[in-house]
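Raw contents of data06.cif, mmCIF, C-alpha atoms:
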data_structure
#
loop_
_atom_site.group_PDB
_atom_site.id
_atom_site.type_symbol
_atom_site.label_atom_id
_atom_site.label_comp_id
_atom_site.auth_asym_id
_atom_site.auth_seq_id
_atom_site.Cartn_x
_atom_site.Cartn_y
_atom_site.Cartn_z
ATOM 1 C CA CYS A 1 21.183 -165.689 -32.532
ATOM 2 C CA ARG A 2 24.835 -165.172 -31.667
ATOM 3 C CA ILE A 3 26.697 -165.826 -28.406
ATOM 4 C CA VAL A 4 29.895 -163.927 -27.593
ATOM 5 C CA PHE A 5 32.148 -164.942 -24.707
ATOM 6 C CA THR A 6 34.901 -162.500 -23.721
ATOM 7 C CA GLY A 7 37.563 -162.178 -21.063
ATOM 8 C CA GLN A 8 39.042 -158.779 -20.338
ATOM 9 C CA ALA A 9 41.454 -157.240 -17.839
ATOM 10 C CA GLU A 10 41.088 -153.588 -16.853
ATOM 11 C CA VAL A 11 43.082 -151.350 -14.549
ATOM 12 C CA SER A 12 42.949 -147.649 -13.674
ATOM 13 C CA TRP A 13 44.736 -145.277 -11.317
ATOM 14 C CA VAL A 14 45.138 -141.558 -10.749
ATOM 15 C CA GLU A 15 48.516 -139.941 -11.359
ATOM 16 C CA ALA A 16 49.672 -136.403 -10.675
ATOM 17 C CA ARG A 17 50.795 -134.623 -13.834
ATOM 18 C CA GLN A 18 54.393 -133.534 -13.796
ATOM 19 C CA LYS A 19 53.692 -129.917 -14.823
ATOM 20 C CA ASP A 20 50.461 -129.328 -12.886
ATOM 21 C CA ALA A 21 49.988 -131.559 -9.827
ATOM 22 C CA SER A 22 46.601 -129.930 -9.092
ATOM 23 C CA GLN A 23 45.131 -131.584 -12.204
ATOM 24 C CA PRO A 24 45.489 -135.354 -11.651
ATOM 25 C CA GLU A 25 45.211 -137.633 -14.663
ATOM 26 C CA THR A 26 43.348 -140.957 -14.691
ATOM 27 C CA VAL A 27 45.315 -143.666 -16.451
ATOM 28 C CA VAL A 28 43.313 -146.593 -17.861
ATOM 29 C CA GLY A 29 44.554 -149.860 -19.354
ATOM 30 C CA ARG A 30 42.579 -152.690 -20.968
ATOM 31 C CA GLN A 31 43.584 -156.023 -22.406
ATOM 32 C CA THR A 32 41.339 -158.576 -24.093
ATOM 33 C CA LEU A 33 42.309 -162.025 -22.803
ATOM 34 C CA PHE A 34 40.151 -163.867 -25.336
ATOM 35 C CA GLN A 35 36.973 -163.525 -27.404
ATOM 36 C CA CYS A 36 34.909 -166.406 -28.819
ATOM 37 C CA CYS A 37 31.822 -166.057 -30.978
ATOM 38 C CA SER A 38 29.321 -168.747 -31.933
ATOM 39 C CA GLN A 39 26.314 -168.507 -34.256
ATOM 40 C CA LEU A 40 23.558 -170.662 -32.715
ATOM 41 C CA PHE A 41 21.123 -170.280 -35.605
ATOM 42 C CA GLY A 42 19.998 -167.757 -38.185
ATOM 43 C CA LYS A 43 22.217 -165.561 -40.301
ATOM 44 C CA GLY A 44 25.713 -164.561 -39.357
ATOM 45 C CA PRO A 45 26.880 -160.930 -39.411
ATOM 46 C CA ASP A 46 28.211 -161.275 -42.996
ATOM 47 C CA GLU A 47 25.122 -162.929 -44.506
ATOM 48 C CA LYS A 48 22.483 -161.022 -46.488
ATOM 49 C CA ALA A 49 19.406 -159.941 -44.545
ATOM 50 C CA SER A 50 17.081 -160.471 -47.547
ATOM 51 C CA GLN A 51 17.124 -164.274 -47.127
ATOM 52 C CA PRO A 52 14.513 -165.865 -44.815
ATOM 53 C CA GLY A 53 15.673 -166.314 -41.240
ATOM 54 C CA HIS A 54 14.832 -168.532 -38.294
ATOM 55 C CA LEU A 55 11.422 -167.790 -36.741
ATOM 56 C CA ILE A 56 11.161 -167.840 -32.942
ATOM 57 C CA ARG A 57 7.652 -167.757 -31.539
ATOM 58 C CA ALA A 58 6.808 -166.091 -28.236
ATOM 59 C CA GLY A 59 7.571 -168.196 -25.186
ATOM 60 C CA PHE A 60 10.400 -169.766 -23.216
ATOM 61 C CA HIS A 61 13.325 -171.196 -25.214
ATOM 62 C CA GLN A 62 16.559 -172.967 -24.298
ATOM 63 C CA PHE A 63 19.519 -173.550 -26.610
ATOM 64 C CA ARG A 64 22.543 -175.729 -25.880
ATOM 65 C CA PHE A 65 26.012 -174.335 -26.510
ATOM 66 C CA HIS A 66 29.530 -174.732 -25.176
ATOM 67 C CA PHE A 67 32.818 -172.855 -25.217
ATOM 68 C CA GLN A 68 36.265 -174.227 -24.523
ATOM 69 C CA LEU A 69 38.084 -171.827 -22.221
ATOM 70 C CA PRO A 70 41.713 -171.166 -23.099
ATOM 71 C CA GLU A 71 44.230 -172.686 -20.710
ATOM 72 C CA ARG A 72 45.995 -170.584 -18.088
ATOM 73 C CA LEU A 73 43.329 -167.914 -17.740
ATOM 74 C CA PRO A 74 43.641 -165.768 -14.631
ATOM 75 C CA SER A 75 40.848 -166.074 -12.072
ATOM 76 C CA SER A 76 38.082 -163.489 -11.965
ATOM 77 C CA PHE A 77 39.108 -160.564 -9.779
ATOM 78 C CA GLU A 78 37.922 -157.106 -8.705
ATOM 79 C CA HIS A 79 39.667 -154.499 -6.564
ATOM 80 C CA PHE A 80 37.820 -151.377 -5.437
ATOM 81 C CA SER A 81 39.128 -148.014 -4.281
ATOM 82 C CA ASP A 82 38.062 -146.420 -0.986
ATOM 83 C CA THR A 83 35.322 -144.543 -2.891
ATOM 84 C CA GLY A 84 33.876 -147.774 -4.341
ATOM 85 C CA ARG A 85 35.186 -147.388 -7.890
ATOM 86 C CA VAL A 86 36.752 -150.397 -9.622
ATOM 87 C CA LYS A 87 40.529 -149.953 -9.820
ATOM 88 C CA ALA A 88 41.394 -153.361 -11.236
ATOM 89 C CA ARG A 89 39.318 -156.156 -12.731
ATOM 90 C CA VAL A 90 39.649 -159.433 -14.573
ATOM 91 C CA ALA A 91 36.152 -160.209 -15.814
ATOM 92 C CA TYR A 92 34.516 -162.778 -18.084
ATOM 93 C CA CYS A 93 31.224 -162.067 -19.769
ATOM 94 C CA LEU A 94 28.725 -164.035 -21.845
ATOM 95 C CA ARG A 95 26.511 -161.988 -24.203
ATOM 96 C CA VAL A 96 23.627 -163.215 -26.360
ATOM 97 C CA ASP A 97 22.501 -161.088 -29.336
ATOM 98 C CA LEU A 98 19.191 -161.648 -31.123
ATOM 99 C CA GLU A 99 18.186 -159.591 -34.176
ATOM 100 C CA ASN A 100 15.160 -159.486 -36.407
ATOM 101 C CA SER A 101 15.651 -160.561 -40.043
ATOM 102 C CA TRP A 102 16.022 -156.961 -41.282
ATOM 103 C CA ARG A 103 18.481 -156.132 -38.487
ATOM 104 C CA THR A 104 16.420 -153.106 -37.497
ATOM 105 C CA ALA A 105 15.679 -154.337 -33.974
ATOM 106 C CA GLY A 106 17.565 -156.536 -31.587
ATOM 107 C CA HIS A 107 17.870 -157.749 -28.042
ATOM 108 C CA SER A 108 21.020 -158.380 -26.035
ATOM 109 C CA ARG A 109 21.502 -159.970 -22.652
ATOM 110 C CA GLU A 110 24.770 -160.099 -20.791
ATOM 111 C CA ARG A 111 25.886 -162.121 -17.792
ATOM 112 C CA ARG A 112 29.202 -162.209 -15.952
ATOM 113 C CA ILE A 113 30.825 -165.600 -15.528
ATOM 114 C CA LEU A 114 33.042 -166.391 -12.548
ATOM 115 C CA VAL A 115 36.277 -168.155 -13.502
ATOM 116 C CA LEU A 116 38.289 -169.733 -10.688
ATOM 117 C CA ARG A 117 41.625 -171.297 -11.321
ATOM 118 C CA SER A 118 42.649 -173.954 -8.833
ATOM 119 C CA ARG A 119 46.107 -173.733 -7.317
ATOM 120 C CA ASP A 120 47.888 -176.454 -5.394
ATOM 121 C CA LEU A 121 49.390 -174.534 -2.452
ATOM 122 C CA ASN A 122 51.603 -177.502 -1.593
ATOM 123 C CA ARG A 123 53.549 -176.888 -4.798
ATOM 124 C CA CYS A 124 54.035 -173.159 -4.104
ATOM 125 C CA LYS A 125 56.789 -173.138 -1.510
ATOM 126 C CA SER A 126 56.776 -169.324 -1.279
ATOM 127 C CA LEU A 127 53.159 -169.343 -0.044
#
Here is the file; what I need is its structure written in the form of structure tokens.
Amino acid sequence: CRIVFTGQAEVSWVEARQKDASQPETVVGRQTLFQCCSQLFGKGPDEKASQPGHLIRAGFHQFRFHFQLPERLPSSFEHFSDTGRVKARVAYCLRVDLENSWRTAGHSRERRILVLRSRDLNRCKSL
């Protein structure tokens, strides 16, 4: 079982091409802010699948884990266009991957995490 925590910034906009303004071009940019990976139990991605793994029986399970967020991360953010499409986003996501011992079947679950950075407005004279 592996947990991956990522932070990513994305932006997109439509630009008219210089030669043919009737064919607009969508410009997309992405930047990974950070990526952390933690192996909770079982084999890591580089270990041989022929060795016995960790058996999980049917039922409800909870596993403790923690990640240290890097300092100075921007807050989560989304900006939508008039048509409802995302034009800009800073998003953080937690993904859990579970695989069987032969790595022929797996399950993944993903959840967005809201990151808010506090700001002391008394120190920002321009605000």
*So which one's closest to Arg72 (chain A), A:Gly106, A:Gln8, A:Pro24, A:Leu33? Using only C-alpha atoms, please.*
A:Leu33
Residue neighbourhood region 83-86 of chain A, 10 Å, all atoms listed in the file, exclusion window fewer than 5 positions, as a PDB file with C-alpha atoms, keeping the file's coordinate frame:
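As a result, out_36.pdb now contains:
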ATOM      1  CA  GLU A  10      41.088-153.588 -16.853  1.00  0.00           C
ATOM      2  CA  VAL A  11      43.082-151.350 -14.549  1.00  0.00           C
ATOM      3  CA  SER A  12      42.949-147.649 -13.674  1.00  0.00           C
ATOM      4  CA  TRP A  13      44.736-145.277 -11.317  1.00  0.00           C
ATOM      5  CA  GLU A  78      37.922-157.106  -8.705  1.00  0.00           C
TER       6      GLU A  78
END
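If you look at CA of Leu69 (chain A) and CA of His107 (chain A), they are 25.3 Å away from each other.
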*Result set of the PyMOL selection byres ((chain A and resi 32) around 7) on the coordinates above, as a ChimeraX atom specification*: /A:7-9,30-31,33-34
*Mind checking which residues fall within 10 Å of region 73-77 of chain A, counting all atoms listed in the file, ignoring those fewer than 5 positions away in the same chain, and posting them as a ChimeraX atom specification?*
/A:7-9,33-34,88-92,112-118
_Residue among A:Gly29, A:Gly59, A:Ser108, A:Ser81 lying closest to Val96 (chain A), counting all atoms listed in the file_ =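 Closest residue, counting all atoms listed in the file: A:Ser108.
Residue nearest Pro70 (chain A) within the list A:Gln35, A:Cys1, A:Arg57, A:Asn122: A:Gln35 [criterion: smallest interatomic distance, only C-alpha atoms].
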*Looking at only C-alpha atoms, which of A:Arg2, A:Ser22, A:Ser38, A:Arg111 is the one that sits closest to Cys93 (chain A)?*
A:Arg111
Apply the PyMOL selection byres ((chain A and resi 4) around 6) to the displayed file and report the matching residues as a CSV table (one decimal) with C-alpha atoms, in the frame of the given file.
chain,number,residue,atom,x,y,z
A,3,ILE,CA,26.7,-165.8,-28.4
A,5,PHE,CA,32.1,-164.9,-24.7
A,36,CYS,CA,34.9,-166.4,-28.8
A,37,CYS,CA,31.8,-166.1,-31.0
A,94,LEU,CA,28.7,-164.0,-21.8
A,95,ARG,CA,26.5,-162.0,-24.2
*Record the distance separating CA of Val28 (chain A) and CA of Glu15 (chain A), expressed in Å with one decimal.*
10.7 Å
*Can you tell me how far CA of Arg123 (chain A) sits from CA of His79 (chain A), in Å to one decimal?*
26.4 Å
*Evaluate the PyMOL selection byres ((chain A and resi 64) around 12) here and jot the selected residues down as a PyMOL selection string.*
chain A and resi 3+38-41+61-63+65-67
